[in-house]
Amino acid sequence: MKSRRGGRARAAAVLVVATIGLSACTTDPGTPTATDGVVEVISAEDRQQVEPFTGQLLDGGRFDSTALAGKVVVYNVWGSWCAPCRTEAPVLKRVSEETQDLGVRFVGINVRDNDDAARAFEDSYGIEYPSITTDTSSDAVLAFGPALPPSAVPSTLVVDAHGRLAARIVGPTDYSTLSTIVTETAAESDVGQ
């Protein structure tokens with residue numbers, strides 16, 4: 001039997017949580033806006049499976065998360081109406097391009113938006129990875145369970161090659177944080193974790 005103290009120490013060592021002073025978007029003026037973002041990296045032995053999900057893509061195609069089995073996948077929850085989403089869009093584009101040869105795939109989850117505005121946003125920032133439409137994004141959001149607060153826009157979730165949640169960033173991300181998390185998660189696949 002493990003001691004509680006040892007379990008707490010292990011849990012503290014397993015999760016790296018950093019609070020960063022960033023703001024997230026909400027669409028309800030009565031809802032408080034988060035002033036702090038969270039970066040959480042989860043150790044391989046404590047990761048939980050992400051439920052499979054499907055959705056309609058902004059380009060008219062269909063998305064099925066099971067088609068990306070064996071790949072590291074970065075899911076970004078965004079909306080064209082969200083100022084921090086505009087700030088982080090070039091970061092996501094850059095990291096998606098830099099990690100494509102590592103087998104990493106990026107998928108947007110567009111929320112509380114209309115398809116025309118979302119497509120215009122993607123065109124404006126040169127986003128080439130697919131995004132799930134607002135109309136079908138609820139299954140994607142629910143697949144992450146409590147790891148993804150419903151009003152946390154933007155949020156970025158990194159899923160390892162085994163389909164488990166490896167990291168989450170609630171609030172806008174920066175290049176250094178996202179690039180490090182994604183490349184380290186991709187490197188795990190090379191060593192068979």
# chains A, B, ... in the order shown; residues from 1 in each chain; ligands from 1
call {"tool": "residues_around", "arguments": {"residues": "A:Arg164", "least_positions_apart": "2", "cutoff": "7 Å", "atoms": "only C-alpha atoms", "output": "list in words"}}
result
Arg47, Gln48, Gln49, Val50, Val159, Asp160, His162 and Ala166 of chain A
call {"tool": "select_by_dssp", "arguments": {"residues": "stretch 9-183 of chain A", "states": "alpha helix (DSSP H)", "output": "ChimeraX atom specification"}}
result
/A:9-14,83-99,115-125,137-143,175-183
call {"tool": "closest_residue", "arguments": {"among": "A:Val158, A:Val95, A:Leu58, A:Leu165", "to": "A:Pro146", "atoms": "only C-alpha atoms"}}
result
A:Leu165
call {"tool": "residues_around", "arguments": {"residues": "stretch 135-143 of chain A", "least_positions_apart": "4", "cutoff": "12 Å", "atoms": "only C-alpha atoms", "output": "ChimeraX atom specification"}}
result
/A:48-58,60,62-65,75-79,107-115,118,131,147-153,155-157,159,163-165
call {"tool": "closest_residue", "arguments": {"among": "A:Thr87, A:Thr99, A:Thr177, A:Ser80", "to": "A:Asp116", "atoms": "only C-alpha atoms"}}
result
A:Ser80
